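model-v4.pdb follows; it contains PDB, C-alpha atoms.
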ATOM      1  CA  MET C   1      80.638 121.771  93.212
ATOM      2  CA  SER C   2      78.139 119.450  94.915
ATOM      3  CA  ALA C   3      76.932 120.000  98.461
ATOM      4  CA  GLY C   4      78.633 116.731  99.402
ATOM      5  CA  TRP C   5      82.072 117.980  98.365
ATOM      6  CA  VAL C   6      81.466 121.281 100.150
ATOM      7  CA  ALA C   7      80.578 119.399 103.352
ATOM      8  CA  GLY C   8      83.599 117.127 102.906
ATOM      9  CA  ALA C   9      85.944 120.082 102.408
ATOM     10  CA  VAL C  10      84.598 121.833 105.510
ATOM     11  CA  ARG C  11      85.045 118.679 107.558
ATOM     12  CA  ALA C  12      88.541 118.155 106.139
ATOM     13  CA  ARG C  13      89.662 121.618 107.221
ATOM     14  CA  ALA C  14      88.099 121.141 110.656
ATOM     15  CA  LEU C  15      90.025 117.902 111.190
ATOM     16  CA  ALA C  16      93.307 119.388 110.028
ATOM     17  CA  VAL C  17      93.118 122.466 112.259
ATOM     18  CA  ARG C  18      92.935 120.289 115.386
ATOM     19  CA  CYS C  19      96.378 118.768 114.795
ATOM     20  CA  PRO C  20      99.073 119.498 117.407
ATOM     21  CA  GLY C  21     101.315 120.676 114.582
ATOM     22  CA  ALA C  22     105.077 121.138 114.700
ATOM     23  CA  ALA C  23     105.054 123.172 117.909
ATOM     24  CA  GLY C  24     102.825 120.702 119.737
ATOM     25  CA  ALA C  25     104.881 117.755 118.553
ATOM     26  CA  ARG C  26     108.076 119.392 119.778
ATOM     27  CA  GLU C  27     106.535 119.866 123.232
ATOM     28  CA  ILE C  28     105.663 116.170 123.269
ATOM     29  CA  ALA C  29     109.131 115.199 122.036
ATOM     30  CA  THR C  30     110.893 117.078 124.836
ATOM     31  CA  CYS C  31     108.878 115.414 127.611
ATOM     32  CA  PRO C  32     111.192 113.586 130.049
ATOM     33  CA  SER C  33     109.264 110.317 129.735
ATOM     34  CA  LEU C  34     106.788 108.492 127.560
ATOM     35  CA  ASP C  35     104.172 108.655 130.328
ATOM     36  CA  GLU C  36     104.442 112.432 130.417
ATOM     37  CA  ALA C  37     104.201 112.600 126.613
ATOM     38  CA  LEU C  38     101.055 110.491 126.667
ATOM     39  CA  ARG C  39      99.551 112.830 129.260
ATOM     40  CA  ARG C  40     100.272 115.726 126.878
ATOM     41  CA  LEU C  41      98.350 113.880 124.185
ATOM     42  CA  GLY C  42      95.302 114.066 126.450
ATOM     43  CA  GLY C  43      94.568 117.514 125.059
ATOM     44  CA  THR C  44      94.784 116.412 121.433
ATOM     45  CA  PRO C  45      92.589 114.321 119.122
ATOM     46  CA  TYR C  46      94.999 111.401 119.687
ATOM     47  CA  VAL C  47      93.607 110.833 123.175
ATOM     48  CA  ARG C  48      90.832 108.685 121.693
ATOM     49  CA  TYR C  49      93.165 105.705 121.379
ATOM     50  CA  THR C  50      96.304 106.630 123.318
ATOM     51  CA  ARG C  51      94.677 106.909 126.761
ATOM     52  CA  GLU C  52      94.992 103.134 127.233
ATOM     53  CA  ALA C  53      98.349 102.703 125.494
ATOM     54  CA  VAL C  54     101.221 101.050 127.349
ATOM     55  CA  GLY C  55     104.746 101.259 125.947
ATOM     56  CA  LEU C  56     106.122 102.969 122.858
ATOM     57  CA  PRO C  57     104.991 100.548 120.102
ATOM     58  CA  GLU C  58     101.431 100.494 121.432
ATOM     59  CA  ALA C  59     101.377 104.286 121.784
ATOM     60  CA  GLN C  60     102.660 104.820 118.243
ATOM     61  CA  ARG C  61     100.124 102.369 116.884
ATOM     62  CA  ALA C  62      97.383 104.205 118.771
ATOM     63  CA  VAL C  63      98.407 107.435 117.029
ATOM     64  CA  SER C  64      98.110 105.679 113.655
ATOM     65  CA  ALA C  65      94.726 104.235 114.649
ATOM     66  CA  THR C  66      93.525 107.753 115.446
ATOM     67  CA  LEU C  67      94.597 108.915 111.992
ATOM     68  CA  LEU C  68      92.693 106.052 110.387
ATOM     69  CA  TRP C  69      89.593 106.858 112.409
ATOM     70  CA  HIS C  70      89.706 110.491 111.277
ATOM     71  CA  LEU C  71      90.046 109.442 107.644
ATOM     72  CA  ARG C  72      87.102 107.064 107.963
ATOM     73  CA  VAL C  73      85.050 109.908 109.452
ATOM     74  CA  LEU C  74      86.122 112.177 106.600
ATOM     75  CA  ALA C  75      85.126 109.542 104.039
ATOM     76  CA  GLY C  76      81.641 109.485 105.552
ATOM     77  CA  TRP C  77      81.203 113.176 104.769
ATOM     78  CA  LEU C  78      82.099 112.836 101.100
ATOM     79  CA  PRO C  79      79.497 112.476  98.342
ATOM     80  CA  ARG C  80      78.626 109.063  96.926
ATOM     81  CA  GLY C  81      81.745 107.562  95.431
ATOM     82  CA  GLY C  82      83.990 110.192  97.028
ATOM     83  CA  ALA C  83      85.542 107.700  99.421
ATOM     84  CA  ARG C  84      87.238 106.048  96.430
ATOM     85  CA  LEU C  85      89.594 109.035  96.390
ATOM     86  CA  LEU C  86      90.824 108.107  99.858
ATOM     87  CA  VAL C  87      91.291 104.368  99.325
ATOM     88  CA  PRO C  88      94.754 104.546  97.696
ATOM     89  CA  LEU C  89      95.815 107.290 100.119
ATOM     90  CA  VAL C  90      95.159 105.071 103.146
ATOM     91  CA  SER C  91      96.472 101.875 101.560
ATOM     92  CA  GLY C  92      99.463 101.958 103.908
ATOM     93  CA  PHE C  93      97.184 100.651 106.652
ATOM     94  CA  GLU C  94      96.333  97.594 104.579
ATOM     95  CA  VAL C  95     100.035  97.118 103.877
ATOM     96  CA  ALA C  96     100.660  97.295 107.638
ATOM     97  CA  ASN C  97      98.048  94.578 108.153
ATOM     98  CA  VAL C  98      99.885  92.313 105.728
ATOM     99  CA  VAL C  99     103.242  93.121 107.359
ATOM    100  CA  ALA C 100     101.820  92.009 110.710
ATOM    101  CA  ARG C 101     100.341  88.904 109.091
ATOM    102  CA  VAL C 102     103.564  87.677 107.498
ATOM    103  CA  SER C 103     106.123  88.854 110.064
ATOM    104  CA  PRO C 104     108.041  86.058 111.819
ATOM    105  CA  GLU C 105     108.426  88.260 114.926
ATOM    106  CA  PRO C 106     105.770  87.692 117.631
ATOM    107  CA  GLN C 107     105.808  91.375 118.679
ATOM    108  CA  ASP C 108     104.751  92.360 115.156
ATOM    109  CA  ARG C 109     101.592  90.238 115.238
ATOM    110  CA  VAL C 110      99.109  92.888 116.280
ATOM    111  CA  PRO C 111      95.359  93.122 115.578
ATOM    112  CA  PRO C 112      94.662  94.449 112.084
ATOM    113  CA  TYR C 113      93.556  97.970 111.353
ATOM    114  CA  ARG C 114      89.878  98.020 110.413
ATOM    115  CA  LEU C 115      89.446 100.120 107.307
ATOM    116  CA  GLY C 116      85.712  99.758 106.708
ATOM    117  CA  ALA C 117      84.761 101.390 103.414
ATOM    118  CA  LEU C 118      88.403 102.391 102.840
ATOM    119  CA  GLU C 119      89.761  98.881 102.440
ATOM    120  CA  THR C 120      90.989  97.557  99.114
ATOM    121  CA  ALA C 121      90.795  93.814  99.685
ATOM    122  CA  TRP C 122      91.647  93.220 103.334
ATOM    123  CA  ARG C 123      88.731  90.919 104.190
ATOM    124  CA  ARG C 124      89.772  88.664 101.327
ATOM    125  CA  LEU C 125      93.453  88.835 102.300
ATOM    126  CA  GLU C 126      92.635  88.107 105.937
ATOM    127  CA  ARG C 127      91.091  84.775 104.974
ATOM    128  CA  ALA C 128      94.263  83.573 103.228
ATOM    129  CA  ALA C 129      95.724  80.687 105.228
ATOM    130  CA  THR C 130      99.159  80.473 103.561
ATOM    131  CA  PRO C 131     101.585  82.856 101.838
ATOM    132  CA  ALA C 132     100.654  81.262  98.487
ATOM    133  CA  GLU C 133      96.968  81.932  99.130
ATOM    134  CA  LEU C 134      97.807  85.486 100.145
ATOM    135  CA  ARG C 135      99.688  86.048  96.896
ATOM    136  CA  ALA C 136      96.768  84.619  94.912
ATOM    137  CA  ALA C 137      94.307  86.880  96.734
ATOM    138  CA  LEU C 138      96.464  89.914  95.983
ATOM    139  CA  ALA C 139      96.769  88.944  92.323
ATOM    140  CA  ALA C 140      92.970  88.778  92.060
ATOM    141  CA  SER C 141      92.548  92.225  93.641
ATOM    142  CA  PRO C 142      93.414  95.800  92.638
ATOM    143  CA  TRP C 143      96.768  95.281  94.345
ATOM    144  CA  GLY C 144      97.976  92.912  91.651
ATOM    145  CA  ASP C 145     100.492  90.070  91.802
ATOM    146  CA  PRO C 146     103.474  90.982  94.040
ATOM    147  CA  GLY C 147     105.714  88.553  92.178
ATOM    148  CA  GLY C 148     106.391  86.107  95.006
ATOM    149  CA  ASP C 149     105.057  84.752  98.273
ATOM    150  CA  THR C 150     107.986  85.390 100.604
ATOM    151  CA  PRO C 151     107.338  88.070 103.245
ATOM    152  CA  TRP C 152     109.746  90.415 101.456
ATOM    153  CA  ALA C 153     108.139  89.919  98.024
ATOM    154  CA  LEU C 154     104.627  90.341  99.398
ATOM    155  CA  VAL C 155     105.396  93.548 101.274
ATOM    156  CA  THR C 156     107.619  95.078  98.582
ATOM    157  CA  GLY C 157     104.983  94.343  95.963
ATOM    158  CA  LEU C 158     102.296  95.978  98.084
ATOM    159  CA  ARG C 159     104.338  99.091  98.747
ATOM    160  CA  MET C 160     105.132  99.642  95.093
ATOM    161  CA  ALA C 161     101.530  98.882  94.129
ATOM    162  CA  ALA C 162     100.374 101.513  96.637
ATOM    163  CA  ALA C 163     102.521 104.107  94.851
ATOM    164  CA  ARG C 164     101.230 102.995  91.449
ATOM    165  CA  ARG C 165      97.577 103.100  92.527
ATOM    166  CA  THR C 166      97.964 106.523  94.153
ATOM    167  CA  ALA C 167      99.648 108.003  91.092
ATOM    168  CA  LEU C 168      96.860 106.747  88.832
ATOM    169  CA  ALA C 169      93.857 107.588  91.020
ATOM    170  CA  VAL C 170      94.828 110.804  92.839
ATOM    171  CA  PRO C 171      96.298 113.472  90.524
ATOM    172  CA  GLN C 172      97.089 115.798  93.437
ATOM    173  CA  ALA C 173      99.264 113.081  94.990
ATOM    174  CA  ARG C 174     101.024 111.829  91.864
ATOM    175  CA  ASP C 175     104.345 113.550  92.640
ATOM    176  CA  TRP C 176     104.318 112.128  96.174
ATOM    177  CA  ALA C 177     103.730 108.647  94.782
ATOM    178  CA  VAL C 178     106.546 108.959  92.236
ATOM    179  CA  ALA C 179     108.973 110.128  94.902
ATOM    180  CA  ARG C 180     107.848 107.329  97.225
ATOM    181  CA  ALA C 181     108.476 104.765  94.504
ATOM    182  CA  ALA C 182     111.985 106.178  94.037
ATOM    183  CA  LEU C 183     112.755 105.805  97.746
ATOM    184  CA  LEU C 184     111.521 102.215  97.771
ATOM    185  CA  THR C 185     113.484 101.301  94.649
ATOM    186  CA  ALA C 186     116.671 102.978  95.861
ATOM    187  CA  ARG C 187     116.570 101.146  99.183
ATOM    188  CA  GLU C 188     116.013  97.754  97.599
ATOM    189  CA  LEU C 189     118.648  98.146  94.882
ATOM    190  CA  PHE C 190     121.402 100.116  96.613
ATOM    191  CA  VAL C 191     120.970  99.540 100.360
ATOM    192  CA  HIS C 192     119.778  95.944 100.490
ATOM    193  CA  GLY C 193     121.253  94.864  97.148
ATOM    194  CA  ARG C 194     118.092  93.044  96.059
ATOM    195  CA  SER C 195     116.636  92.805  92.577
ATOM    196  CA  LEU C 196     112.991  93.763  92.321
ATOM    197  CA  PRO C 197     110.376  91.105  91.512
ATOM    198  CA  GLU C 198     109.138  91.451  87.939
ATOM    199  CA  PRO C 199     105.740  93.067  88.764
ATOM    200  CA  VAL C 200     107.471  95.545  91.067
ATOM    201  CA  ARG C 201     110.028  96.328  88.364
ATOM    202  CA  ARG C 202     107.200  97.019  85.904
ATOM    203  CA  ASP C 203     105.505  99.405  88.324
ATOM    204  CA  ALA C 204     108.817 101.149  88.991
ATOM    205  CA  ALA C 205     109.343 101.567  85.243
ATOM    206  CA  ARG C 206     105.872 103.115  84.848
ATOM    207  CA  LEU C 207     106.515 105.613  87.623
ATOM    208  CA  LEU C 208     110.245 106.298  87.318
ATOM    209  CA  GLY C 209     111.215 105.422  83.778
ATOM    210  CA  VAL C 210     112.543 102.237  82.224
ATOM    211  CA  GLY C 211     116.118 102.727  83.405
ATOM    212  CA  ALA C 212     115.297 103.110  87.100
ATOM    213  CA  SER C 213     115.313  99.428  88.014
ATOM    214  CA  THR C 214     118.305  98.606  85.783
ATOM    215  CA  ALA C 215     120.665 101.460  86.744
ATOM    216  CA  ALA C 216     124.200 100.236  87.378
ATOM    217  CA  SER C 217     124.880 102.743  90.163
ATOM    218  CA  TYR C 218     123.020 104.911  92.627
ATOM    219  CA  ARG C 219     124.221 108.046  90.833
ATOM    220  CA  GLU C 220     122.941 106.772  87.489
ATOM    221  CA  PHE C 221     119.642 105.899  89.132
ATOM    222  CA  ARG C 222     119.307 109.327  90.775
ATOM    223  CA  ASP C 223     120.231 111.309  87.674
ATOM    224  CA  GLY C 224     117.700 109.470  85.520
ATOM    225  CA  LEU C 225     114.682 109.988  87.782
ATOM    226  CA  PRO C 226     111.667 112.124  86.867
ATOM    227  CA  ALA C 227     111.635 115.615  88.367
ATOM    228  CA  PRO C 228     109.702 115.005  91.636
ATOM    229  CA  ALA C 229     112.004 112.169  92.662
ATOM    230  CA  ARG C 230     115.167 113.831  91.345
ATOM    231  CA  ARG C 231     114.458 116.909  93.481
ATOM    232  CA  LEU C 232     113.955 114.729  96.549
ATOM    233  CA  LEU C 233     117.290 112.957  96.111
ATOM    234  CA  ALA C 234     119.255 115.943  94.821
ATOM    235  CA  ASP C 235     121.294 116.354  98.026
ATOM    236  CA  VAL C 236     121.489 112.661  98.880
ATOM    237  CA  THR C 237     124.758 111.621  97.249
ATOM    238  CA  GLU C 238     124.989 108.173  98.841
ATOM    239  CA  PRO C 239     122.359 105.505  99.612
ATOM    240  CA  ALA C 240     123.216 105.782 103.314
ATOM    241  CA  GLY C 241     121.580 109.217 103.295
ATOM    242  CA  LEU C 242     118.194 107.999 102.101
ATOM    243  CA  TRP C 243     116.749 108.506 105.581
ATOM    244  CA  ARG C 244     117.153 112.263 105.020
ATOM    245  CA  ALA C 245     115.225 111.943 101.771
ATOM    246  CA  GLU C 246     112.490 110.127 103.704
ATOM    247  CA  ALA C 247     112.182 113.118 106.046
ATOM    248  CA  GLY C 248     112.272 115.397 102.991
ATOM    249  CA  TRP C 249     109.411 113.428 101.475
ATOM    250  CA  TRP C 250     107.300 114.063 104.563
ATOM    251  CA  ARG C 251     108.153 117.781 104.466
ATOM    252  CA  THR C 252     107.085 117.958 100.834
ATOM    253  CA  VAL C 253     103.801 116.208 101.582
ATOM    254  CA  ARG C 254     103.231 118.572 104.522
ATOM    255  CA  ASN C 255     103.886 121.700 102.445
ATOM    256  CA  ASP C 256     101.875 120.551  99.448
ATOM    257  CA  GLY C 257      99.014 119.423 101.679
ATOM    258  CA  ALA C 258      98.909 122.774 103.462
ATOM    259  CA  ALA C 259      98.812 124.547 100.092
ATOM    260  CA  LEU C 260      95.881 122.389  98.982
ATOM    261  CA  LEU C 261      94.053 123.197 102.219
ATOM    262  CA  ARG C 262      94.547 126.928 101.646
ATOM    263  CA  ASP C 263      92.885 126.686  98.249
ATOM    264  CA  GLY C 264      89.646 128.662  98.474
ATOM    265  CA  ARG C 265      87.727 126.157  96.375
ATOM    266  CA  HIS C 266      85.814 123.245  97.855
ATOM    267  CA  GLY C 267      86.511 119.887  96.289
ATOM    268  CA  PRO C 268      88.799 116.866  96.105
ATOM    269  CA  GLY C 269      91.982 118.918  96.390
ATOM    270  CA  VAL C 270      91.076 120.147  99.862
ATOM    271  CA  VAL C 271      90.309 116.584 100.961
ATOM    272  CA  VAL C 272      93.647 115.310  99.630
ATOM    273  CA  GLY C 273      95.368 118.200 101.401
ATOM    274  CA  ALA C 274      93.715 117.266 104.682
ATOM    275  CA  VAL C 275      94.787 113.632 104.315
ATOM    276  CA  ALA C 276      98.358 114.835 103.764
ATOM    277  CA  VAL C 277      98.377 117.203 106.747
ATOM    278  CA  LEU C 278      96.763 114.657 109.065
ATOM    279  CA  SER C 279      99.166 111.916 107.942
ATOM    280  CA  VAL C 280     102.246 114.079 108.449
ATOM    281  CA  ASP C 281     101.019 115.142 111.877
ATOM    282  CA  ALA C 282     100.555 111.516 112.941
ATOM    283  CA  TRP C 283     104.022 110.622 111.605
ATOM    284  CA  ARG C 284     105.530 113.577 113.507
ATOM    285  CA  VAL C 285     103.741 112.679 116.762
ATOM    286  CA  ARG C 286     104.957 109.079 116.480
ATOM    287  CA  ALA C 287     108.529 110.399 116.149
ATOM    288  CA  ALA C 288     107.913 112.745 119.097
ATOM    289  CA  LEU C 289     106.806 109.841 121.281
ATOM    290  CA  GLU C 290     110.020 108.004 120.423
ATOM    291  CA  SER C 291     112.056 111.039 121.508
ATOM    292  CA  ALA C 292     110.116 111.259 124.790
ATOM    293  CA  ALA C 293     110.698 107.555 125.423
ATOM    294  CA  ARG C 294     114.436 108.317 125.234
ATOM    295  CA  GLY C 295     114.107 110.953 127.949
ATOM    296  CA  GLY C 296     113.257 113.947 125.762
ATOM    297  CA  ARG C 297     116.288 113.699 123.507
ATOM    298  CA  LEU C 298     115.240 114.747 120.022
ATOM    299  CA  GLY C 299     116.165 112.198 117.376
ATOM    300  CA  GLU C 300     117.638 113.045 113.984
ATOM    301  CA  VAL C 301     114.483 111.929 112.209
ATOM    302  CA  PHE C 302     112.286 114.211 114.299
ATOM    303  CA  ASP C 303     114.622 117.168 113.838
ATOM    304  CA  ALA C 304     114.840 116.548 110.098
ATOM    305  CA  LEU C 305     111.070 116.806 109.767
ATOM    306  CA  ALA C 306     110.200 119.391 112.407
TER     307      ALA C 306
END

Is it possible to give me this structure as structure tokens?
Amino acid sequence: MSAGWVAGAVRARALAVRCPGAAGAREIATCPSLDEALRRLGGTPYVRYTREAVGLPEAQRAVSATLLWHLRVLAGWLPRGGARLLVPLVSGFEVANVVARVSPEPQDRVPPYRLGALETAWRRLERAATPAELRAALAASPWGDPGGDTPWALVTGLRMAAARRTALAVPQARDWAVARAALLTARELFVHGRSLPEPVRRDAARLLGVGASTAASYREFRDGLPAPARRLLADVTEPAGLWRAEAGWWRTVRNDGAALLRDGRHGPGVVVGAVAVLSVDAWRVRAALESAARGGRLGEVFDALA
């Protein structure tokens, strides 16, 4: 193992150990107000961006920005070419940039996340002046053609492409990507009642099997999934319960990531584990802030994860 991977693994473990964790997140969640919760974050790595945050959406975004900063720092410790491992794992930030770009709601139009060396094609996408230009820029990038230029088609295409790219490029995260693709497909088909654009349907078939996007019922869909996704949805008998599967997905990522971090070897697996643990912690803290904003009443989503 190269010295670069050893240094990256050491840095990855150091970043992960500083997380508030489940206990810290629960303390934040039970704060009687958002202001008090933000003061609690002053003793955590999230203080870097949250100290100036005002209101829940800004505070939650600041938590995500902290996560991105940590991952950019981690990428800088990896050997030459090592950052490529992280690019698909952080692609959700580029998806969030596109969501903000195409959203019709003024409150969603926030400054983009700056990914630096971890971007896929954001600088090219940012220059697109129309939805058609944005679709063309995606089609000419590793994202691929989303299959349409409506906000829904653009975002759905990106989310499925993120799962496809992760499954292909990060073996340690393949099961997470497959399960994520199943959640996305199930929501579109059986909650929203929408057919998938052709490129999205092709990606779903690669990850879930040919019958996934053509199943006549949710039960048929669930029973035909590959093992990682079938396990995730095993106890979710109706599409209305998919939110529980979402929380289950995060628990799986947390547990698998922690196992990768415990591996005594230095290398890519430890780095992927750190990305998982850091991402879950940020997701949990965001949920904790929402609970605090409601006066310390724990929400179902927070309880399901923590």

Rounded to one decimal place, report the CA of Val6 (chain C)-CA of His266 (chain C) distance in Å.
5.3 Å

As a check of understanding, name the residues that the PyMOL selection byres ((chain C and resi 173) around 10) selects in the supplied structure, as a list in words.
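Those residues are Leu89, Ala163, Thr166, Ala167, Leu168, Ala169, Val170, Pro171, Gln172, Arg174, Asp175, Trp176, Ala177, Val178, Val253, Asp256, Gly257, Gly269, Val272, Gly273 and Ala276 of chain C.
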
Using the chain letters and residue numbers of this document, give as a PDB file with C-alpha atoms, in the frame of the given file the residues selected by the PyMOL selection byres ((chain C and resi 184) around 10).
ATOM      1  CA  THR C 156     107.619  95.078  98.582  1.00  0.00           C
ATOM      2  CA  ARG C 159     104.338  99.091  98.747  1.00  0.00           C
ATOM      3  CA  MET C 160     105.132  99.642  95.093  1.00  0.00           C
ATOM      4  CA  ALA C 163     102.521 104.107  94.851  1.00  0.00           C
ATOM      5  CA  ALA C 179     108.973 110.128  94.902  1.00  0.00           C
ATOM      6  CA  ARG C 180     107.848 107.329  97.225  1.00  0.00           C
ATOM      7  CA  ALA C 181     108.476 104.765  94.504  1.00  0.00           C
ATOM      8  CA  ALA C 182     111.985 106.178  94.037  1.00  0.00           C
ATOM      9  CA  LEU C 183     112.755 105.805  97.746  1.00  0.00           C
ATOM     10  CA  THR C 185     113.484 101.301  94.649  1.00  0.00           C
ATOM     11  CA  ALA C 186     116.671 102.978  95.861  1.00  0.00           C
ATOM     12  CA  ARG C 187     116.570 101.146  99.183  1.00  0.00           C
ATOM     13  CA  GLU C 188     116.013  97.754  97.599  1.00  0.00           C
ATOM     14  CA  LEU C 189     118.648  98.146  94.882  1.00  0.00           C
ATOM     15  CA  ALA C 204     108.817 101.149  88.991  1.00  0.00           C
ATOM     16  CA  LEU C 242     118.194 107.999 102.101  1.00  0.00           C
ATOM     17  CA  GLU C 246     112.490 110.127 103.704  1.00  0.00           C
TER      18      GLU C 246
END

With only C-alpha atoms as the basis for distance, which of C:Leu196, C:Ala117, C:Val95, C:Ala53 is at the shortest distance from Asp35 (chain C)?
C:Ala53

Find the distance between CA of Ala153 (chain C) and CA of Ser217 (chain C) and write it in Å to one decimal.
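Computing it gives 22.5 Å between the two atoms.
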
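Using only C-alpha atoms for every distance, the candidate list C:Glu119, C:Glu105, C:Glu36, C:Asp149 yields C:Glu119 as the residue closest to Leu86 (chain C).
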
Length of the CA of Ala292 (chain C) to CA of Leu56 (chain C) vector [Å]
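Taking CA of Ala292 (chain C) and CA of Leu56 (chain C), their separation equals 9.4 Å.
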